[in-house]
file entry.csv (CSV, N, CA and C atoms and all ligand atoms)
chain,number,residue,atom,x,y,z
X,1,MET,N,115.5,54.5,171.0
X,1,MET,CA,114.6,54.3,169.9
X,1,MET,C,113.3,55.2,170.0
X,2,GLU,N,112.8,55.3,171.3
X,2,GLU,CA,111.7,56.1,171.5
X,2,GLU,C,112.0,57.6,171.1
X,3,ARG,N,113.2,58.0,171.5
X,3,ARG,CA,113.6,59.4,171.2
X,3,ARG,C,113.6,59.6,169.7
X,4,LEU,N,114.2,58.6,169.0
X,4,LEU,CA,114.3,58.7,167.5
X,4,LEU,C,112.9,58.8,166.9
X,5,THR,N,112.0,58.0,167.4
X,5,THR,CA,110.6,58.0,166.9
X,5,THR,C,109.9,59.4,167.2
X,6,ARG,N,110.2,60.0,168.3
X,6,ARG,CA,109.6,61.3,168.6
X,6,ARG,C,110.2,62.3,167.7
X,7,ILE,N,111.5,62.2,167.4
X,7,ILE,CA,112.1,63.2,166.5
X,7,ILE,C,111.5,63.0,165.1
X,8,LEU,N,111.4,61.8,164.6
X,8,LEU,CA,110.8,61.6,163.3
X,8,LEU,C,109.4,62.1,163.2
X,9,THR,N,108.6,61.9,164.2
X,9,THR,CA,107.3,62.3,164.3
X,9,THR,C,107.2,63.9,164.2
X,10,ALA,N,108.1,64.5,164.9
X,10,ALA,CA,108.2,66.0,164.8
X,10,ALA,C,108.5,66.5,163.4
X,11,VAL,N,109.5,65.8,162.8
X,11,VAL,CA,109.9,66.2,161.5
X,11,VAL,C,108.8,66.0,160.5
X,12,ALA,N,108.1,64.8,160.6
X,12,ALA,CA,106.9,64.6,159.7
X,12,ALA,C,105.9,65.6,159.9
X,13,ALA,N,105.6,66.0,161.1
X,13,ALA,CA,104.6,67.1,161.4
X,13,ALA,C,105.0,68.4,160.8
X,14,ALA,N,106.3,68.7,160.8
X,14,ALA,CA,106.8,69.9,160.2
X,14,ALA,C,106.6,69.9,158.7
X,15,PHE,N,106.9,68.8,158.1
X,15,PHE,CA,106.7,68.7,156.6
X,15,PHE,C,105.2,68.8,156.3
X,16,LEU,N,104.3,68.2,157.1
X,16,LEU,CA,102.9,68.4,156.8
X,16,LEU,C,102.5,69.8,156.9
X,17,CYS,N,103.0,70.5,157.9
X,17,CYS,CA,102.7,71.9,158.1
X,17,CYS,C,103.2,72.8,156.9
X,18,ALA,N,104.4,72.4,156.5
X,18,ALA,CA,105.1,73.2,155.4
X,18,ALA,C,104.3,73.0,154.1
X,19,GLY,N,103.6,71.9,153.9
X,19,GLY,CA,102.8,71.7,152.7
X,19,GLY,C,101.5,72.4,152.7
X,20,VAL,N,101.1,73.0,153.8
X,20,VAL,CA,99.8,73.6,153.8
X,20,VAL,C,99.8,74.9,153.0
X,21,SER,N,98.8,75.2,152.2
X,21,SER,CA,98.8,76.4,151.3
X,21,SER,C,97.8,77.4,151.8
X,22,GLU,N,97.1,77.2,152.8
X,22,GLU,CA,96.2,78.2,153.3
X,22,GLU,C,96.2,78.1,154.9
X,23,ALA,N,95.4,79.0,155.5
X,23,ALA,CA,95.4,79.0,156.9
X,23,ALA,C,95.0,77.6,157.4
X,24,ALA,N,95.8,77.1,158.3
X,24,ALA,CA,95.5,75.8,158.8
X,24,ALA,C,96.1,75.6,160.2
X,25,ARG,N,95.6,74.6,160.9
X,25,ARG,CA,96.1,74.4,162.2
X,25,ARG,C,97.0,73.1,162.1
X,26,CYS,N,98.2,73.2,162.5
X,26,CYS,CA,99.1,72.1,162.4
X,26,CYS,C,99.3,71.6,163.8
X,27,ILE,N,99.1,70.3,164.0
X,27,ILE,CA,99.1,69.8,165.3
X,27,ILE,C,100.2,68.7,165.4
X,28,GLY,N,101.2,68.9,166.3
X,28,GLY,CA,102.3,68.0,166.5
X,28,GLY,C,101.9,67.1,167.7
X,29,ASN,N,102.9,66.4,168.1
X,29,ASN,CA,102.7,65.5,169.3
X,29,ASN,C,102.4,66.2,170.6
X,30,GLU,N,103.3,67.2,170.8
X,30,GLU,CA,103.3,67.9,172.1
X,30,GLU,C,102.9,69.3,172.1
X,31,GLU,N,102.7,69.9,170.9
X,31,GLU,CA,102.3,71.3,170.8
X,31,GLU,C,101.4,71.5,169.6
X,32,SER,N,100.7,72.6,169.6
X,32,SER,CA,99.9,72.9,168.4
X,32,SER,C,100.2,74.4,168.0
X,33,VAL,N,100.4,74.6,166.8
X,33,VAL,CA,100.8,75.9,166.3
X,33,VAL,C,99.9,76.2,165.1
X,34,THR,N,99.4,77.5,165.1
X,34,THR,CA,98.5,77.9,164.0
X,34,THR,C,99.4,78.7,163.0
X,35,VAL,N,99.4,78.3,161.8
X,35,VAL,CA,100.2,78.9,160.8
X,35,VAL,C,99.4,79.4,159.6
X,36,THR,N,99.7,80.5,159.0
X,36,THR,CA,99.1,81.0,157.8
X,36,THR,C,100.2,81.1,156.8
X,37,VAL,N,100.1,80.4,155.7
X,37,VAL,CA,101.1,80.4,154.6
X,37,VAL,C,100.5,80.8,153.3
X,38,ALA,N,101.0,81.9,152.7
X,38,ALA,CA,100.5,82.2,151.4
X,38,ALA,C,101.1,81.2,150.4
X,39,ALA,N,100.4,81.0,149.3
X,39,ALA,CA,100.9,80.2,148.2
X,39,ALA,C,102.2,80.7,147.8
X,40,SER,N,103.2,79.9,147.5
X,40,SER,CA,104.5,80.3,147.0
X,40,SER,C,104.3,81.2,145.8
X,41,GLY,N,104.9,82.3,145.7
X,41,GLY,CA,104.8,83.2,144.6
X,41,GLY,C,103.8,84.3,144.8
X,42,ASP,N,102.9,84.1,145.7
X,42,ASP,CA,101.8,85.1,145.9
X,42,ASP,C,102.3,86.1,147.0
X,43,VAL,N,103.2,87.0,146.6
X,43,VAL,CA,103.8,87.9,147.6
X,43,VAL,C,102.8,88.9,148.2
X,44,ASN,N,101.9,89.4,147.4
X,44,ASN,CA,100.9,90.3,148.0
X,44,ASN,C,99.7,89.6,148.5
X,45,ALA,N,99.6,88.3,148.6
X,45,ALA,CA,98.6,87.5,149.2
X,45,ALA,C,97.2,87.9,148.6
X,46,ASP,N,97.1,88.1,147.3
X,46,ASP,CA,95.8,88.4,146.7
X,46,ASP,C,95.2,87.2,146.0
X,47,GLU,N,95.8,86.0,146.2
X,47,GLU,CA,95.4,84.7,145.7
X,47,GLU,C,95.6,84.6,144.2
X,48,MET,N,96.5,85.5,143.7
X,48,MET,CA,96.9,85.4,142.3
X,48,MET,C,98.4,85.5,142.2
X,49,ILE,N,99.0,84.8,141.2
X,49,ILE,CA,100.4,84.9,141.0
X,49,ILE,C,100.6,85.6,139.7
X,50,ASP,N,101.0,86.9,139.7
X,50,ASP,CA,101.0,87.7,138.5
X,50,ASP,C,102.2,88.7,138.6
X,51,ALA,N,102.1,89.6,137.6
X,51,ALA,CA,103.2,90.5,137.4
X,51,ALA,C,103.4,91.4,138.7
X,52,ARG,N,102.3,91.7,139.4
X,52,ARG,CA,102.4,92.5,140.6
X,52,ARG,C,103.3,91.8,141.6
X,53,ASP,N,103.2,90.5,141.7
X,53,ASP,CA,104.1,89.8,142.7
X,53,ASP,C,105.6,89.9,142.2
X,54,ALA,N,105.8,89.8,140.9
X,54,ALA,CA,107.2,89.9,140.4
X,54,ALA,C,107.7,91.3,140.6
X,55,THR,N,106.9,92.3,140.4
X,55,THR,CA,107.3,93.7,140.6
X,55,THR,C,107.7,93.9,142.1
X,56,LEU,N,106.9,93.4,143.0
X,56,LEU,CA,107.3,93.5,144.4
X,56,LEU,C,108.6,92.9,144.7
X,57,ILE,N,108.9,91.7,144.2
X,57,ILE,CA,110.2,91.1,144.4
X,57,ILE,C,111.3,91.9,143.8
X,58,LEU,N,111.1,92.4,142.6
X,58,LEU,CA,112.2,93.2,142.0
X,58,LEU,C,112.4,94.5,142.8
X,59,GLU,N,111.4,95.1,143.3
X,59,GLU,CA,111.5,96.3,144.1
X,59,GLU,C,112.3,96.0,145.4
X,60,GLU,N,111.9,94.9,146.0
X,60,GLU,CA,112.6,94.5,147.2
X,60,GLU,C,114.1,94.2,146.9
X,61,TYR,N,114.3,93.4,145.8
X,61,TYR,CA,115.7,93.1,145.5
X,61,TYR,C,116.5,94.3,145.2
X,62,SER,N,116.0,95.3,144.6
X,62,SER,CA,116.7,96.5,144.3
X,62,SER,C,117.1,97.2,145.5
X,63,VAL,N,116.3,97.2,146.5
X,63,VAL,CA,116.6,97.9,147.8
X,63,VAL,C,117.6,97.1,148.6
X,64,VAL,N,117.4,95.8,148.7
X,64,VAL,CA,118.3,94.9,149.5
X,64,VAL,C,119.7,94.8,148.9
X,65,SER,N,119.7,94.8,147.6
X,65,SER,CA,121.0,94.5,146.9
X,65,SER,C,122.0,95.7,147.1
X,66,ILE,N,121.4,96.9,147.4
X,66,ILE,CA,122.3,98.0,147.7
X,66,ILE,C,122.5,98.3,149.2
X,67,GLY,N,122.1,97.3,150.0
X,67,GLY,CA,122.3,97.4,151.4
X,67,GLY,C,121.1,98.0,152.2
X,68,GLY,N,120.0,98.2,151.5
X,68,GLY,CA,118.8,98.7,152.2
X,68,GLY,C,118.2,97.7,153.0
X,69,VAL,N,117.2,98.2,153.8
X,69,VAL,CA,116.5,97.3,154.7
X,69,VAL,C,115.3,96.7,154.0
X,70,SER,N,115.1,95.4,154.2
X,70,SER,CA,114.0,94.7,153.6
X,70,SER,C,112.7,95.3,154.1
X,71,GLY,N,111.7,95.4,153.2
X,71,GLY,CA,110.4,95.9,153.5
X,71,GLY,C,109.4,94.7,153.6
X,72,PHE,N,109.9,93.5,153.3
X,72,PHE,CA,109.1,92.3,153.3
X,72,PHE,C,108.9,91.8,154.7
X,73,THR,N,107.7,91.3,155.0
X,73,THR,CA,107.5,90.5,156.2
X,73,THR,C,108.1,89.1,156.0
X,74,VAL,N,108.2,88.4,157.0
X,74,VAL,CA,108.8,87.0,156.9
X,74,VAL,C,107.9,86.2,156.0
X,75,LYS,N,106.6,86.3,156.1
X,75,LYS,CA,105.7,85.6,155.2
X,75,LYS,C,105.9,86.0,153.7
X,76,GLN,N,106.1,87.3,153.5
X,76,GLN,CA,106.3,87.7,152.1
X,76,GLN,C,107.6,87.2,151.6
X,77,LEU,N,108.6,87.1,152.4
X,77,LEU,CA,109.9,86.6,152.0
X,77,LEU,C,109.8,85.1,151.6
X,78,GLU,N,109.0,84.4,152.4
X,78,GLU,CA,108.8,83.0,152.1
X,78,GLU,C,108.1,82.8,150.8
X,79,SER,N,107.1,83.6,150.6
X,79,SER,CA,106.3,83.5,149.3
X,79,SER,C,107.2,84.0,148.1
X,80,ALA,N,108.0,84.9,148.4
X,80,ALA,CA,108.8,85.5,147.3
X,80,ALA,C,110.0,84.5,146.9
X,81,ASP,N,110.5,83.7,147.8
X,81,ASP,CA,111.6,82.9,147.5
X,81,ASP,C,111.1,81.6,146.8
X,82,VAL,N,110.8,81.8,145.6
X,82,VAL,CA,110.2,80.7,144.8
X,82,VAL,C,111.1,79.5,144.7
X,83,ASN,N,112.4,79.7,144.5
X,83,ASN,CA,113.3,78.5,144.3
X,83,ASN,C,113.9,78.1,145.6
X,84,GLY,N,113.6,78.7,146.7
X,84,GLY,CA,114.0,78.2,148.0
X,84,GLY,C,115.5,78.3,148.3
X,85,ASP,N,116.1,79.3,147.7
X,85,ASP,CA,117.5,79.5,147.9
X,85,ASP,C,117.8,80.5,149.0
X,86,GLY,N,116.8,81.0,149.7
X,86,GLY,CA,116.9,81.9,150.8
X,86,GLY,C,117.0,83.3,150.4
X,87,LYS,N,116.8,83.6,149.1
X,87,LYS,CA,116.9,85.0,148.7
X,87,LYS,C,115.6,85.3,147.8
X,88,ALA,N,115.2,86.5,147.9
X,88,ALA,CA,114.1,87.0,147.0
X,88,ALA,C,114.8,87.8,145.9
X,89,ASP,N,115.0,87.3,144.7
X,89,ASP,CA,115.7,88.1,143.7
X,89,ASP,C,115.1,87.9,142.3
X,90,SER,N,115.8,88.4,141.3
X,90,SER,CA,115.3,88.4,140.0
X,90,SER,C,115.0,87.0,139.4
X,91,ILE,N,115.7,86.0,139.9
X,91,ILE,CA,115.4,84.7,139.5
X,91,ILE,C,113.9,84.3,139.9
X,92,ASP,N,113.6,84.6,141.1
X,92,ASP,CA,112.2,84.3,141.6
X,92,ASP,C,111.2,85.1,140.8
X,93,ALA,N,111.5,86.3,140.6
X,93,ALA,CA,110.6,87.2,139.8
X,93,ALA,C,110.4,86.6,138.4
X,94,SER,N,111.5,86.1,137.8
X,94,SER,CA,111.5,85.5,136.5
X,94,SER,C,110.5,84.3,136.5
X,95,TYR,N,110.6,83.4,137.5
X,95,TYR,CA,109.7,82.3,137.6
X,95,TYR,C,108.3,82.7,137.6
X,96,ILE,N,108.0,83.7,138.4
X,96,ILE,CA,106.6,84.2,138.5
X,96,ILE,C,106.1,84.8,137.2
X,97,LEU,N,107.0,85.5,136.5
X,97,LEU,CA,106.6,86.1,135.2
X,97,LEU,C,106.4,85.0,134.2
X,98,SER,N,107.2,84.0,134.2
X,98,SER,CA,107.1,82.8,133.3
X,98,SER,C,105.7,82.1,133.5
X,99,TYR,N,105.4,81.9,134.8
X,99,TYR,CA,104.2,81.3,135.2
X,99,TYR,C,103.0,82.1,134.7
X,100,TYR,N,103.1,83.4,135.0
X,100,TYR,CA,102.0,84.3,134.6
X,100,TYR,C,101.8,84.3,133.1
X,101,SER,N,102.8,84.3,132.4
X,101,SER,CA,102.7,84.1,130.9
X,101,SER,C,102.1,82.8,130.5
X,102,PHE,N,102.5,81.8,131.2
X,102,PHE,CA,101.9,80.4,130.9
X,102,PHE,C,100.4,80.4,131.2
X,103,ILE,N,100.0,80.9,132.3
X,103,ILE,CA,98.6,80.9,132.7
X,103,ILE,C,97.8,81.9,131.7
X,104,SER,N,98.4,83.0,131.4
X,104,SER,CA,97.7,84.0,130.5
X,104,SER,C,97.5,83.4,129.1
X,105,THR,N,98.3,82.5,128.7
X,105,THR,CA,98.1,81.9,127.4
X,105,THR,C,97.4,80.5,127.4
X,106,GLY,N,96.6,80.3,128.5
X,106,GLY,CA,95.8,79.1,128.6
X,106,GLY,C,96.4,77.9,129.3
X,107,GLY,N,97.6,78.1,129.9
X,107,GLY,CA,98.2,77.0,130.6
X,107,GLY,C,97.4,76.7,131.9
X,108,ASN,N,97.5,75.4,132.2
X,108,ASN,CA,96.7,75.0,133.3
X,108,ASN,C,97.5,74.1,134.2
X,109,LYS,N,98.2,74.7,135.1
X,109,LYS,CA,99.0,74.0,136.1
X,109,LYS,C,99.1,74.8,137.4
X,110,THR,N,99.3,74.2,138.5
X,110,THR,CA,99.5,75.0,139.7
X,110,THR,C,100.9,75.6,139.6
X,111,PHE,N,101.2,76.6,140.4
X,111,PHE,CA,102.5,77.2,140.3
X,111,PHE,C,103.6,76.2,140.8
X,112,THR,N,103.2,75.5,141.8
X,112,THR,CA,104.2,74.5,142.3
X,112,THR,C,104.5,73.5,141.2
X,113,ASP,N,103.6,72.9,140.5
X,113,ASP,CA,103.9,72.0,139.4
X,113,ASP,C,104.7,72.7,138.3
X,114,PHE,N,104.3,73.9,138.0
X,114,PHE,CA,105.1,74.6,137.0
X,114,PHE,C,106.5,74.8,137.4
X,115,ILE,N,106.8,75.2,138.6
X,115,ILE,CA,108.1,75.4,139.1
X,115,ILE,C,108.9,74.1,139.1
X,116,LYS,N,108.3,73.0,139.5
X,116,LYS,CA,109.0,71.7,139.5
X,116,LYS,C,109.5,71.4,138.1
X,117,LYS,N,108.7,71.7,137.1
X,117,LYS,CA,109.1,71.4,135.7
X,117,LYS,C,110.3,72.3,135.3
X,118,GLU,N,110.4,73.5,135.9
X,118,GLU,CA,111.4,74.4,135.5
X,118,GLU,C,112.8,74.0,136.1
X,119,TYR,N,112.8,73.2,137.2
X,119,TYR,CA,114.0,72.8,137.8
X,119,TYR,C,114.6,71.7,137.0
F,201,CA,CA,99.6,88.0,144.2
F,202,CA,CA,115.0,82.7,145.6

call {"tool": "encode", "arguments": {"input": "entry.csv", "output": "structure tokens", "more": "lines below"}}
Ligand SMILES: [Ca+2]
Ligand SMILES: [Ca+2]
result
Amino acid sequence: MERLTRILTAVAAAFLCAGVSEAARCIGNEESVTVTVAASGDVNADEMIDARDATLILEEYSVVSIGGVSGFTVKQLESADVNGDGKADSIDASYILSYYSFISTGGNKTFTDFIKKEY
């Protein structure tokens, strides 16, 4: 039972860390890890989600889809994979462009809330 509790605590700590949207210190039971996570969709980490992020994803996708080597960092890949399917592709770019259009026409939601509605 104690082992199960420790595992659940570690899983809960991981979820807490995964939900952090800016530089933060995540502290678990037995270790502490400093993580910096860009907001999902903000591939170039300029604190905006716009067409430039979508362009980066499409450029990356065009290289990787023909067997090229990814130019993204791990952090960029995480930010680019908007729908969480493990790939940065045209679908993710489409979500970003849809959100950019939404915001540009007066929409007022976070990207996360916008994406939830899209699912
Ligand atoms: Ca950006
Ligand atoms: Ca994806």

call {"tool": "closest_atom_pairs", "arguments": {"input": "entry.csv", "of": "chain X", "to": "ligand CA 201 (chain F)", "cutoff": "9 Å", "atoms": "only C-alpha atoms and all ligand atoms", "output": "Markdown table"}}
result
| residue | atom | partner | partner_atom | distance |
| --- | --- | --- | --- | --- |
| X:Ala39 | CA | F:CA201 | CA | 8.9 |
| X:Gly41 | CA | F:CA201 | CA | 7.1 |
| X:Asp42 | CA | F:CA201 | CA | 4.0 |
| X:Val43 | CA | F:CA201 | CA | 5.4 |
| X:Asn44 | CA | F:CA201 | CA | 4.6 |
| X:Ala45 | CA | F:CA201 | CA | 5.1 |
| X:Asp46 | CA | F:CA201 | CA | 4.6 |
| X:Glu47 | CA | F:CA201 | CA | 5.5 |
| X:Met48 | CA | F:CA201 | CA | 4.2 |
| X:Ile49 | CA | F:CA201 | CA | 4.5 |
| X:Asp50 | CA | F:CA201 | CA | 5.9 |
| X:Ala51 | CA | F:CA201 | CA | 8.1 |
| X:Arg52 | CA | F:CA201 | CA | 6.4 |
| X:Asp53 | CA | F:CA201 | CA | 5.1 |
| X:Ala54 | CA | F:CA201 | CA | 8.7 |

call {"tool": "residues_near_ligand", "arguments": {"input": "entry.csv", "ligand": "ligand CA 202 (chain F)", "cutoff": "8 Å", "atoms": "all atoms listed in the file", "output": "MDAnalysis selection string"}}
result
chainID X and resid 80:93

call {"tool": "closest_residue", "arguments": {"input": "entry.csv", "among": "X:Thr55, X:Ser79, X:Ser70, X:Ser98", "to": "Ser40 (chain X)", "atoms": "only C-alpha atoms"}}
result
X:Ser79

call {"tool": "atom_distance", "arguments": {"input": "entry.csv", "atom1": "CA of Leu77 (chain X)", "atom2": "atom N of Tyr100 (chain X)"}}
result
18.6 Å

call {"tool": "atom_distance", "arguments": {"input": "entry.csv", "atom1": "CA of Lys75 (chain X)", "atom2": "CA of Leu56 (chain X)"}}
result
13.5 Å

call {"tool": "atom_distance", "arguments": {"input": "entry.csv", "atom1": "CA of Tyr99 (chain X)", "atom2": "CA of Ile66 (chain X)"}}
result
27.6 Å

call {"tool": "residues_around", "arguments": {"input": "entry.csv", "residues": "Phe114 (chain X)", "least_positions_apart": "3", "cutoff": "10 Å", "atoms": "only C-alpha atoms", "output": "PyMOL selection string"}}
result
chain X and resi 95-96+98-99+102+107-111+117-119

call {"tool": "closest_residue", "arguments": {"input": "entry.csv", "among": "X:Asp113, X:Ser65, X:Ile57, X:Thr105", "to": "Glu78 (chain X)", "atoms": "only C-alpha atoms"}}
result
X:Ile57
